[in-house]
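Q: Sharing my_file.cif below, mmCIF, C-alpha atoms and all ligand atoms:
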data_target
loop_
_atom_site.group_PDB
_atom_site.id
_atom_site.type_symbol
_atom_site.label_atom_id
_atom_site.label_comp_id
_atom_site.auth_asym_id
_atom_site.auth_seq_id
_atom_site.Cartn_x
_atom_site.Cartn_y
_atom_site.Cartn_z
ATOM 1 C CA MET A 295 0.000 0.000 0.000
ATOM 2 C CA SER A 296 1.452 3.419 -0.885
ATOM 3 C CA ALA A 297 1.605 6.201 1.680
ATOM 4 C CA ILE A 298 -0.029 9.657 1.629
ATOM 5 C CA ASP A 299 2.857 11.066 -0.436
ATOM 6 C CA GLY A 300 2.626 8.396 -3.157
ATOM 7 C CA LEU A 301 6.013 7.009 -2.141
ATOM 8 C CA PRO A 302 6.454 3.348 -1.178
ATOM 9 C CA PRO A 303 6.180 2.290 2.486
ATOM 10 C CA LEU A 304 9.479 2.680 4.364
ATOM 11 C CA ARG A 305 9.959 -1.058 4.808
ATOM 12 C CA GLU A 306 9.966 -1.374 1.019
ATOM 13 C CA VAL A 307 12.318 1.626 0.624
ATOM 14 C CA ILE A 308 14.769 -0.005 3.022
ATOM 15 C CA ARG A 309 14.556 -3.335 1.217
ATOM 16 C CA SER A 310 14.821 -1.971 -2.327
ATOM 17 C CA HIS A 311 17.829 0.247 -1.445
ATOM 18 C CA GLY A 312 19.545 -2.392 0.699
ATOM 19 C CA LEU A 313 19.591 -0.137 3.782
ATOM 20 C CA THR A 314 20.452 -2.712 6.430
ATOM 21 C CA ALA A 315 20.950 -0.750 9.639
ATOM 22 C CA ARG A 316 24.576 -0.077 10.594
ATOM 23 C CA LYS A 317 25.364 0.057 14.292
ATOM 24 C CA ALA A 318 28.434 2.250 13.768
ATOM 25 C CA LEU A 319 26.184 4.981 12.357
ATOM 26 C CA GLY A 320 23.617 4.596 15.155
ATOM 27 C CA GLN A 321 20.971 3.518 12.680
ATOM 28 C CA ASN A 322 17.609 2.784 14.312
ATOM 29 C CA PHE A 323 14.973 3.743 11.786
ATOM 30 C CA LEU A 324 11.429 4.984 12.327
ATOM 31 C CA LEU A 325 9.158 3.187 9.866
ATOM 32 C CA ASP A 326 5.709 4.359 11.006
ATOM 33 C CA LEU A 327 4.747 7.457 9.027
ATOM 34 C CA ASN A 328 1.986 8.317 11.539
ATOM 35 C CA LEU A 329 4.675 8.509 14.199
ATOM 36 C CA THR A 330 7.073 10.570 12.080
ATOM 37 C CA ALA A 331 4.179 12.968 11.330
ATOM 38 C CA ARG A 332 3.589 13.318 15.087
ATOM 39 C CA ILE A 333 7.241 14.198 15.621
ATOM 40 C CA ALA A 334 7.119 16.626 12.684
ATOM 41 C CA ARG A 335 4.220 18.461 14.386
ATOM 42 C CA VAL A 336 6.189 19.080 17.594
ATOM 43 C CA PRO A 337 7.810 22.375 16.401
ATOM 44 C CA GLY A 338 4.394 23.761 15.342
ATOM 45 C CA ASP A 339 3.479 25.307 11.981
ATOM 46 C CA LEU A 340 6.435 24.970 9.608
ATOM 47 C CA SER A 341 4.795 26.180 6.404
ATOM 48 C CA ASP A 342 6.891 29.341 6.110
ATOM 49 C CA ALA A 343 9.894 27.870 7.864
ATOM 50 C CA SER A 344 13.094 26.108 6.926
ATOM 51 C CA VAL A 345 14.026 22.852 8.619
ATOM 52 C CA LEU A 346 17.486 21.446 9.157
ATOM 53 C CA GLU A 347 17.034 17.698 9.458
ATOM 54 C CA VAL A 348 20.082 15.861 10.701
ATOM 55 C CA GLY A 349 20.462 12.161 9.872
ATOM 56 C CA PRO A 350 17.403 11.558 7.629
ATOM 57 C CA GLY A 351 18.379 7.930 6.874
ATOM 58 C CA PRO A 352 15.759 6.354 4.593
ATOM 59 C CA GLY A 353 13.608 9.492 4.968
ATOM 60 C CA GLY A 354 10.770 8.599 7.360
ATOM 61 C CA LEU A 355 10.990 11.805 9.389
ATOM 62 C CA THR A 356 11.798 13.798 6.238
ATOM 63 C CA ARG A 357 8.546 12.598 4.697
ATOM 64 C CA GLY A 358 6.715 13.469 7.907
ATOM 65 C CA LEU A 359 8.119 17.009 7.826
ATOM 66 C CA LEU A 360 7.272 17.547 4.160
ATOM 67 C CA ALA A 361 3.781 16.027 4.454
ATOM 68 C CA GLU A 362 3.146 18.312 7.444
ATOM 69 C CA GLY A 363 3.958 21.286 5.203
ATOM 70 C CA ALA A 364 7.577 22.271 5.992
ATOM 71 C CA GLY A 365 8.443 25.003 3.476
ATOM 72 C CA ARG A 366 11.986 23.885 2.888
ATOM 73 C CA VAL A 367 14.068 21.043 4.328
ATOM 74 C CA LEU A 368 17.844 20.652 4.294
ATOM 75 C CA ALA A 369 18.611 17.006 5.117
ATOM 76 C CA VAL A 370 22.186 16.189 6.141
ATOM 77 C CA GLU A 371 23.090 12.499 5.907
ATOM 78 C CA LYS A 372 26.467 10.838 6.336
ATOM 79 C CA ASP A 373 25.571 7.447 4.837
ATOM 80 C CA ALA A 374 25.784 7.563 1.018
ATOM 81 C CA ARG A 375 23.598 4.447 0.781
ATOM 82 C CA CYS A 376 20.594 6.570 1.853
ATOM 83 C CA LEU A 377 20.967 9.199 -0.880
ATOM 84 C CA PRO A 378 18.971 7.446 -3.676
ATOM 85 C CA ALA A 379 16.017 6.940 -1.311
ATOM 86 C CA LEU A 380 16.200 10.618 -0.304
ATOM 87 C CA GLU A 381 16.330 11.660 -3.996
ATOM 88 C CA GLU A 382 12.987 9.910 -4.458
ATOM 89 C CA VAL A 383 11.527 11.932 -1.587
ATOM 90 C CA SER A 384 12.941 15.090 -3.144
ATOM 91 C CA ALA A 385 11.271 14.258 -6.490
ATOM 92 C CA ALA A 386 7.897 13.803 -4.738
ATOM 93 C CA TYR A 387 8.222 17.306 -3.197
ATOM 94 C CA PRO A 388 9.791 19.406 -5.993
ATOM 95 C CA GLY A 389 11.965 22.298 -4.821
ATOM 96 C CA ARG A 390 11.375 21.645 -1.107
ATOM 97 C CA LEU A 391 14.071 19.125 -0.129
ATOM 98 C CA GLU A 392 17.813 19.718 -0.430
ATOM 99 C CA ILE A 393 20.000 16.723 0.385
ATOM 100 C CA PHE A 394 23.498 17.267 1.745
ATOM 101 C CA HIS A 395 25.834 14.304 1.900
ATOM 102 C CA GLY A 396 28.204 14.865 4.808
ATOM 103 C CA ASP A 397 28.721 15.108 8.524
ATOM 104 C CA ALA A 398 26.203 17.129 10.525
ATOM 105 C CA LEU A 399 29.051 18.352 12.706
ATOM 106 C CA GLU A 400 30.502 20.152 9.688
ATOM 107 C CA VAL A 401 27.541 21.682 7.853
ATOM 108 C CA ASP A 402 26.725 25.419 7.993
ATOM 109 C CA PRO A 403 22.919 25.603 7.783
ATOM 110 C CA VAL A 404 22.770 29.401 7.815
ATOM 111 C CA ALA A 405 24.682 29.540 4.519
ATOM 112 C CA ARG A 406 22.130 27.172 2.943
ATOM 113 C CA LEU A 407 18.797 28.074 4.543
ATOM 114 C CA GLY A 408 17.131 31.436 5.084
ATOM 115 C CA GLY A 409 14.539 32.686 7.559
ATOM 116 C CA ALA A 410 13.530 30.919 10.724
ATOM 117 C CA ILE A 411 15.346 27.585 10.960
ATOM 118 C CA HIS A 412 13.864 24.733 12.980
ATOM 119 C CA VAL A 413 16.183 21.818 13.701
ATOM 120 C CA VAL A 414 14.677 18.322 13.767
ATOM 121 C CA ALA A 415 16.728 15.173 14.251
ATOM 122 C CA ASN A 416 16.653 11.515 15.115
ATOM 123 C CA LEU A 417 20.393 11.104 15.480
ATOM 124 C CA PRO A 418 22.816 8.692 17.081
ATOM 125 C CA TYR A 419 22.767 9.761 20.715
ATOM 126 C CA ASN A 420 26.461 10.630 20.998
ATOM 127 C CA VAL A 421 26.306 12.960 17.976
ATOM 128 C CA GLY A 422 23.017 14.410 19.262
ATOM 129 C CA THR A 423 24.510 15.379 22.620
ATOM 130 C CA GLU A 424 27.557 16.957 20.991
ATOM 131 C CA LEU A 425 25.364 18.943 18.597
ATOM 132 C CA LEU A 426 23.021 20.017 21.406
ATOM 133 C CA VAL A 427 25.932 21.443 23.386
ATOM 134 C CA ARG A 428 27.123 23.292 20.274
ATOM 135 C CA TRP A 429 23.644 24.610 19.470
ATOM 136 C CA LEU A 430 23.413 25.903 23.048
ATOM 137 C CA SER A 431 26.874 27.502 23.000
ATOM 138 C CA PRO A 432 27.145 29.816 19.982
ATOM 139 C CA GLN A 433 29.238 32.996 19.970
ATOM 140 C CA SER A 434 26.171 35.212 20.127
ATOM 141 C CA TRP A 435 22.637 34.852 21.451
ATOM 142 C CA PRO A 436 19.817 34.494 20.299
ATOM 143 C CA PRO A 437 21.002 31.668 18.011
ATOM 144 C CA TYR A 438 20.124 31.056 14.356
ATOM 145 C CA TRP A 439 17.673 28.296 15.254
ATOM 146 C CA SER A 440 14.056 28.933 16.289
ATOM 147 C CA SER A 441 13.601 25.515 17.873
ATOM 148 C CA LEU A 442 15.315 22.163 18.340
ATOM 149 C CA THR A 443 13.310 18.925 18.224
ATOM 150 C CA LEU A 444 15.682 16.085 19.029
ATOM 151 C CA MET A 445 15.396 12.387 19.748
ATOM 152 C CA PHE A 446 17.447 11.125 22.691
ATOM 153 C CA GLN A 447 17.727 8.117 24.887
ATOM 154 C CA LYS A 448 15.018 8.808 27.520
ATOM 155 C CA GLU A 449 17.613 9.000 30.279
ATOM 156 C CA VAL A 450 19.514 11.732 28.372
ATOM 157 C CA ALA A 451 16.250 13.589 27.692
ATOM 158 C CA GLU A 452 15.615 13.602 31.456
ATOM 159 C CA ARG A 453 19.071 15.064 32.019
ATOM 160 C CA ILE A 454 18.226 17.934 29.642
ATOM 161 C CA VAL A 455 14.931 18.938 31.287
ATOM 162 C CA ALA A 456 15.817 18.235 34.951
ATOM 163 C CA GLU A 457 15.281 20.822 37.715
ATOM 164 C CA PRO A 458 17.716 21.527 40.601
ATOM 165 C CA GLY A 459 17.569 18.830 43.270
ATOM 166 C CA GLU A 460 16.422 16.146 40.831
ATOM 167 C CA GLY A 461 18.813 13.217 40.244
ATOM 168 C CA PRO A 462 19.446 13.854 36.529
ATOM 169 C CA TYR A 463 20.170 17.595 37.107
ATOM 170 C CA GLY A 464 23.642 18.422 35.833
ATOM 171 C CA ARG A 465 25.635 20.279 33.191
ATOM 172 C CA LEU A 466 23.166 19.533 30.365
ATOM 173 C CA ALA A 467 20.156 20.784 32.363
ATOM 174 C CA VAL A 468 21.959 24.000 33.372
ATOM 175 C CA LEU A 469 23.151 24.765 29.831
ATOM 176 C CA ALA A 470 19.743 23.929 28.336
ATOM 177 C CA GLY A 471 17.682 25.734 30.979
ATOM 178 C CA TRP A 472 19.908 28.809 31.036
ATOM 179 C CA ARG A 473 19.370 29.572 27.376
ATOM 180 C CA SER A 474 16.213 27.713 26.397
ATOM 181 C CA GLU A 475 12.912 26.328 27.561
ATOM 182 C CA ALA A 476 13.135 22.564 27.224
ATOM 183 C CA ARG A 477 10.431 19.935 27.568
ATOM 184 C CA ILE A 478 9.922 16.284 26.714
ATOM 185 C CA ALA A 479 7.357 16.274 23.888
ATOM 186 C CA LEU A 480 6.883 12.505 23.608
ATOM 187 C CA THR A 481 8.413 9.237 24.689
ATOM 188 C CA LEU A 482 8.803 6.195 22.473
ATOM 189 C CA PRO A 483 9.208 2.494 23.251
ATOM 190 C CA PRO A 484 12.091 0.532 21.673
ATOM 191 C CA GLU A 485 9.620 -1.185 19.290
ATOM 192 C CA ALA A 486 9.020 2.141 17.516
ATOM 193 C CA PHE A 487 12.413 1.649 15.824
ATOM 194 C CA THR A 488 13.914 -0.908 13.450
ATOM 195 C CA PRO A 489 16.064 -2.443 14.794
ATOM 196 C CA PRO A 490 14.810 -1.689 18.328
ATOM 197 C CA PRO A 491 17.409 -0.061 20.625
ATOM 198 C CA LYS A 492 17.856 -1.415 24.168
ATOM 199 C CA VAL A 493 16.268 1.572 25.902
ATOM 200 C CA ARG A 494 13.289 3.913 25.632
ATOM 201 C CA SER A 495 13.670 7.145 23.667
ATOM 202 C CA ALA A 496 12.198 10.610 24.035
ATOM 203 C CA VAL A 497 11.792 13.656 21.827
ATOM 204 C CA VAL A 498 12.974 16.855 23.499
ATOM 205 C CA HIS A 499 11.749 20.229 22.260
ATOM 206 C CA LEU A 500 13.794 23.353 23.031
ATOM 207 C CA ARG A 501 12.937 26.964 22.279
ATOM 208 C CA PRO A 502 15.614 29.612 22.809
ATOM 209 C CA ARG A 503 14.991 32.237 25.467
ATOM 210 C CA PRO A 504 15.347 35.722 23.904
ATOM 211 C CA THR A 505 17.974 36.367 26.582
ATOM 212 C CA PRO A 506 19.458 33.801 28.994
ATOM 213 C CA LEU A 507 17.618 33.192 32.277
ATOM 214 C CA ALA A 508 20.195 35.276 34.183
ATOM 215 C CA PRO A 509 23.077 37.375 32.828
ATOM 216 C CA ALA A 510 26.539 35.791 32.741
ATOM 217 C CA PRO A 511 29.437 35.572 30.267
ATOM 218 C CA ALA A 512 28.964 32.292 28.353
ATOM 219 C CA LYS A 513 32.557 31.062 28.663
ATOM 220 C CA ALA A 514 32.626 31.660 32.419
ATOM 221 C CA MET A 515 29.250 29.948 32.788
ATOM 222 C CA GLU A 516 30.500 26.863 30.940
ATOM 223 C CA ARG A 517 33.698 26.686 33.019
ATOM 224 C CA VAL A 518 31.974 27.100 36.375
ATOM 225 C CA VAL A 519 29.275 24.539 35.565
ATOM 226 C CA ALA A 520 31.846 22.012 34.258
ATOM 227 C CA ALA A 521 33.960 22.446 37.409
ATOM 228 C CA ALA A 522 30.967 22.176 39.770
ATOM 229 C CA PHE A 523 29.574 19.009 38.177
ATOM 230 C CA GLY A 524 33.011 17.517 37.448
ATOM 231 C CA GLN A 525 32.878 16.313 41.052
ATOM 232 C CA ARG A 526 29.162 16.558 41.700
ATOM 233 C CA ARG A 527 29.187 14.717 45.040
ATOM 234 C CA LYS A 528 31.686 17.146 46.557
ATOM 235 C CA MET A 529 30.873 20.458 48.240
ATOM 236 C CA LEU A 530 31.402 23.480 45.999
ATOM 237 C CA ARG A 531 34.265 24.742 48.176
ATOM 238 C CA ALA A 532 36.130 21.592 47.016
ATOM 239 C CA SER A 533 34.849 21.021 43.463
ATOM 240 C CA LEU A 534 35.398 24.647 42.360
ATOM 241 C CA LYS A 535 39.115 24.395 43.202
ATOM 242 C CA SER A 536 39.556 22.914 39.721
ATOM 243 C CA LEU A 537 38.978 26.461 38.397
ATOM 244 C CA GLY A 538 42.485 27.224 39.629
ATOM 245 C CA ARG A 539 41.260 29.855 42.050
ATOM 246 C CA ASP A 540 40.248 30.052 45.737
ATOM 247 C CA PRO A 541 36.518 29.188 45.589
ATOM 248 C CA MET A 542 35.604 30.993 48.844
ATOM 249 C CA PRO A 543 35.448 34.580 47.484
ATOM 250 C CA LEU A 544 33.514 33.318 44.449
ATOM 251 C CA LEU A 545 30.944 31.566 46.614
ATOM 252 C CA GLU A 546 30.659 34.560 48.905
ATOM 253 C CA ALA A 547 30.135 36.964 45.977
ATOM 254 C CA ALA A 548 27.449 34.655 44.564
ATOM 255 C CA GLY A 549 25.745 34.248 47.970
ATOM 256 C CA ILE A 550 26.074 30.442 47.878
ATOM 257 C CA PRO A 551 27.069 28.460 51.023
ATOM 258 C CA PRO A 552 30.511 26.797 50.578
ATOM 259 C CA THR A 553 29.037 23.479 51.746
ATOM 260 C CA GLU A 554 26.430 23.422 48.962
ATOM 261 C CA ARG A 555 26.629 20.739 46.256
ATOM 262 C CA ALA A 556 26.256 21.468 42.530
ATOM 263 C CA GLU A 557 23.109 19.402 42.163
ATOM 264 C CA ARG A 558 21.169 21.817 44.405
ATOM 265 C CA VAL A 559 22.337 25.103 42.864
ATOM 266 C CA SER A 560 19.802 26.907 40.658
ATOM 267 C CA ILE A 561 20.651 28.169 37.178
ATOM 268 C CA GLU A 562 20.540 31.726 38.566
ATOM 269 C CA GLY A 563 23.054 30.597 41.224
ATOM 270 C CA PHE A 564 25.445 29.321 38.564
ATOM 271 C CA ALA A 565 25.051 32.581 36.638
ATOM 272 C CA ALA A 566 25.983 34.516 39.796
ATOM 273 C CA LEU A 567 29.060 32.292 40.247
ATOM 274 C CA ALA A 568 30.013 32.805 36.585
ATOM 275 C CA ARG A 569 29.741 36.598 36.935
ATOM 276 C CA ALA A 570 31.907 36.529 40.041
ATOM 277 C CA PHE A 571 34.436 34.284 38.267
ATOM 278 C CA ALA A 572 34.554 36.561 35.199
ATOM 279 C CA GLU A 573 34.985 39.627 37.433
ATOM 280 C CA GLY A 574 37.938 37.983 39.149
ATOM 281 C CA ALA A 575 36.318 37.495 42.601
HETATM 282 N N1 LIG A 601 15.919 9.971 10.696
HETATM 283 C C1 LIG A 601 15.894 8.549 10.355
HETATM 284 C C2 LIG A 601 14.727 7.909 11.058
HETATM 285 O O1 LIG A 601 14.207 8.532 11.979
HETATM 286 O O2 LIG A 601 14.366 6.791 10.705
HETATM 287 C C3 LIG A 601 17.198 7.861 10.706
HETATM 288 C C4 LIG A 601 17.570 7.871 12.151
HETATM 289 S S1 LIG A 601 19.030 6.983 12.592
HETATM 290 C C5 LIG A 601 18.812 6.927 14.361
HETATM 291 C C6 LIG A 601 20.373 8.150 12.520
HETATM 292 C C7 LIG A 601 20.783 8.613 11.123
HETATM 293 O O3 LIG A 601 21.835 9.580 11.274
HETATM 294 C C8 LIG A 601 21.341 7.524 10.245
HETATM 295 O O4 LIG A 601 20.773 7.592 8.963
HETATM 296 C C9 LIG A 601 22.858 7.808 10.189
HETATM 297 O O5 LIG A 601 23.463 7.378 8.992
HETATM 298 C C10 LIG A 601 22.873 9.327 10.329
HETATM 299 N N2 LIG A 601 24.113 9.867 10.888
HETATM 300 C C11 LIG A 601 24.909 9.324 11.837
HETATM 301 N N3 LIG A 601 25.928 10.155 12.149
HETATM 302 C C12 LIG A 601 25.744 11.264 11.380
HETATM 303 C C13 LIG A 601 26.461 12.481 11.241
HETATM 304 N N4 LIG A 601 27.541 12.734 11.963
HETATM 305 N N5 LIG A 601 26.014 13.385 10.350
HETATM 306 C C14 LIG A 601 24.899 13.144 9.601
HETATM 307 N N6 LIG A 601 24.178 12.009 9.704
HETATM 308 C C15 LIG A 601 24.595 11.084 10.574
#
What is this file in C-alpha cells?
Ligand code: SAM
A:
Amino acid sequence: MSAIDGLPPLREVIRSHGLTARKALGQNFLLDLNLTARIARVPGDLSDASVLEVGPGPGGLTRGLLAEGAGRVLAVEKDARCLPALEEVSAAYPGRLEIFHGDALEVDPVARLGGAIHVVANLPYNVGTELLVRWLSPQSWPPYWSSLTLMFQKEVAERIVAEPGEGPYGRLAVLAGWRSEARIALTLPPEAFTPPPKVRSAVVHLRPRPTPLAPAPAKAMERVVAAAFGQRRKMLRASLKSLGRDPMPLLEAAGIPPTERAERVSIEGFAALARAFAEGA
C-alpha cells in the first residue's frame, strides 16, 4: 500500500535500497509514518519555515516534515547508501528538499537556509549530545535556530529537562535551561524503531529564550558549571578548586554556602558564580 505522499512504504524503501541498519552509524529507523508525522508536528506550523534535518536515513521523518507542510528542508546524511532513497523523496516534493551528503558536525545551515530555521533530528545519541551542546553555546545569542526537536535516549532527555535537586540535574540541564525552555514532547518504546534499541527514547523540544535566564558571560558559565559538576558529590568549596582559584570569594560573591553541592544550585546561582568568576572574585 502506498503512503499519503505516493512514495512506497518505508519497509519497502529499506529493502529496495539495501539499507540494512549499521550500528556504527547509530541507525535505528522509524518506519511508522503516523509517528514521524507526530514528531514533525512538535515544532508547530512549519509552512513558512526552513528545517534542518540531521540524519534523515531512509527518509521517514523527512517525509513526515514535508507532508506536514515544511516550506523547505535541508537534510544532512552521512551514509551515502541513503541518498537514492532521499532523492525519491525530493522528487515527490519538488523544490522543497535539499540533500546534503556529509557530517552534521561540519555543515553550515545558515549559509544554505534562510529565515527561521527549525532543527529536527533523530540522530545517534552521541552525535546528538555533541550537537546540542554546540547549538546551546554559539558565539552570540539568540542563536540562528528557532527551535530544536531532538530524539534522545530517555535517560539523556531527562538530564536535559531536569530541575535543581532532581537526580538527573547536571551540566546539560543548566546549559539547556539557562538559554532555552526545554520539555519532553513525547516518549517512544524501543519497538518504535527498526532495529529496536535497548532503551526507551524521548523527543525533546527546546525553544531559545530571547535572553538567557540570568546574565553571565557564556565562557565563564561553561567553566563554572563544568567544574561544579566535574565532582558533583563534593561540596562546591572543594569542586570549584579545579577552576584554579580560591573558591571561597567566588561563593561569597554569589551568595552560595561553601558546603552546597552542585546538584542543588539553581541556574541563577550558577550565573551569579560565573559573573563573580569573570569579574575575578
Ligand atoms: N531519521 C531517520 C529515522 O528517523 O528513521 C534515521 C535515524 S538513525 C537513528 C540516525 C541517522 O543519522 C542515520 O541515517 C545515520 O546514517 C545518520 N548519521 C549518523 N551520524 C551522522 C552524522 N555525523 N552526520 C549526519 N548524519 C549522521
Q: Can you work out which residues are within 7 Å of ligand LIG 601 (chain A), considering all atoms listed in the file, and then hand them over as an MDAnalysis selection string?
A: chainID A and resid 319:325 348:355 370:373 396:399 415:418 421
Q: How would the residues just chosen look if you wrote them out with C-alpha atoms as a PDB file, in the coordinates of the input?
A:
ATOM      1  CA  LEU A 319      26.184   4.981  12.357  1.00  0.00           C
ATOM      2  CA  GLY A 320      23.617   4.596  15.155  1.00  0.00           C
ATOM      3  CA  GLN A 321      20.971   3.518  12.680  1.00  0.00           C
ATOM      4  CA  ASN A 322      17.609   2.784  14.312  1.00  0.00           C
ATOM      5  CA  PHE A 323      14.973   3.743  11.786  1.00  0.00           C
ATOM      6  CA  LEU A 324      11.429   4.984  12.327  1.00  0.00           C
ATOM      7  CA  LEU A 325       9.158   3.187   9.866  1.00  0.00           C
ATOM      8  CA  VAL A 348      20.082  15.861  10.701  1.00  0.00           C
ATOM      9  CA  GLY A 349      20.462  12.161   9.872  1.00  0.00           C
ATOM     10  CA  PRO A 350      17.403  11.558   7.629  1.00  0.00           C
ATOM     11  CA  GLY A 351      18.379   7.930   6.874  1.00  0.00           C
ATOM     12  CA  PRO A 352      15.759   6.354   4.593  1.00  0.00           C
ATOM     13  CA  GLY A 353      13.608   9.492   4.968  1.00  0.00           C
ATOM     14  CA  GLY A 354      10.770   8.599   7.360  1.00  0.00           C
ATOM     15  CA  LEU A 355      10.990  11.805   9.389  1.00  0.00           C
ATOM     16  CA  VAL A 370      22.186  16.189   6.141  1.00  0.00           C
ATOM     17  CA  GLU A 371      23.090  12.499   5.907  1.00  0.00           C
ATOM     18  CA  LYS A 372      26.467  10.838   6.336  1.00  0.00           C
ATOM     19  CA  ASP A 373      25.571   7.447   4.837  1.00  0.00           C
ATOM     20  CA  GLY A 396      28.204  14.865   4.808  1.00  0.00           C
ATOM     21  CA  ASP A 397      28.721  15.108   8.524  1.00  0.00           C
ATOM     22  CA  ALA A 398      26.203  17.129  10.525  1.00  0.00           C
ATOM     23  CA  LEU A 399      29.051  18.352  12.706  1.00  0.00           C
ATOM     24  CA  ALA A 415      16.728  15.173  14.251  1.00  0.00           C
ATOM     25  CA  ASN A 416      16.653  11.515  15.115  1.00  0.00           C
ATOM     26  CA  LEU A 417      20.393  11.104  15.480  1.00  0.00           C
ATOM     27  CA  PRO A 418      22.816   8.692  17.081  1.00  0.00           C
ATOM     28  CA  VAL A 421      26.306  12.960  17.976  1.00  0.00           C
TER      29      VAL A 421
END
Q: Find, counting all atoms listed in the file, the residue in A:Leu327, A:Ile308, A:Pro552, A:Leu425 that gets nearest to Lys535 (chain A).
A: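 Looking at the shortest contact to Lys535 (chain A), the residue is A:Pro552.
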Q: For region 514-524 of chain A, find every residue with an atom within 10 Å (counting all atoms listed in the file), except residues of its own chain fewer than 5 positions away, and show them as an MDAnalysis selection string.
A: chainID A and resid 431 463:466 468:469 472 509 529:537 555:557 559 561 564:573
Q: What would the selection look like, as a PyMOL selection string, if the PyMOL selection byres (((chain A and resi 301) around 12) and not hetatm) were run on the coordinates I just shared?
A: chain A and resi 295-300+302-307+327+352-354+357-358+361+379-387
Q: Give the answer as one residue: which of A:Val414, A:Ala486, A:Cys376, A:Leu313 has the shortest atom-to-atom distance to Leu346 (chain A), using all atoms listed in the file?
A: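 Residue with the minimum atom-to-atom distance to Leu346 (chain A): A:Val414.
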Q: Please put the answer as AutoDock Vina command-line options: centre and edge lengths, in Å with one decimal, of a box along x, y and z that encloses all listed atoms of region 498-513 of chain A plus 8 Å on each side.
A:
--center_x 22.2 --center_y 27.1 --center_z 28.2 --size_x 36.8 --size_y 36.5 --size_z 27.9
Q: Tell me which of A:Thr505, A:Ser441, A:Thr481, A:Thr330 sits closest to Val493 (chain A), counting only C-alpha atoms.
A: A:Thr481
Q: Grab the CA of Arg428 (chain A) to CA of Ala575 (chain A) distance for me, in Å with one decimal place.
A: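 Between these atoms lies a distance of 28.0 Å.
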Q: Between CA of Ala331 (chain A) and CA of Val404 (chain A), what distance in Å does the model show, to one decimal?
A: 25.1 Å
Q: Have a look at CA of Ala374 (chain A) and CA of Pro489 (chain A) and let me know their distance in Å, one decimal.
A: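 CA of Ala374 (chain A) sits 19.6 Å away from CA of Pro489 (chain A).
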Q: Using all atoms listed in the file for the distances, tell me which of A:Thr443, A:Thr356, A:Asn328, A:Ser344 is nearest to Leu426 (chain A).
A: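 Comparing A:Thr443, A:Thr356, A:Asn328, A:Ser344 against Leu426 (chain A), the winner is A:Thr443.
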Q: So which one's closest to Val401 (chain A), A:Glu485, A:Glu347, A:Asp342, A:Asp326? Using all atoms listed in the file, please.
A: A:Glu347
Q: Quick one: of A:Glu562, A:Arg494, A:Leu442, A:Glu400, who's nearest to Gly471 (chain A), counting all atoms listed in the file?
A: A:Glu562
Q: Residues at most 9 Å from Gln447 (chain A), counting all atoms listed in the file, excluding those fewer than 5 positions away in the same chain, as a PyMOL selection string?
A: chain A and resi 419+452+493-497
Q: Can you translate the PyMOL selection byres (((chain A and resi 438) around 10) and not hetatm) into the concrete residues it hits in this file, as a PyMOL selection string?
A: chain A and resi 403-404+408-412+429+432+434-437+439-441+502
Q: The residues within 12 Å of (13.1, 12.3, 28.6), using all atoms listed in the file and the coordinates of the file, should be reported as a PyMOL selection string; which are they?
A: chain A and resi 444-456+462+467+476-483+493-499
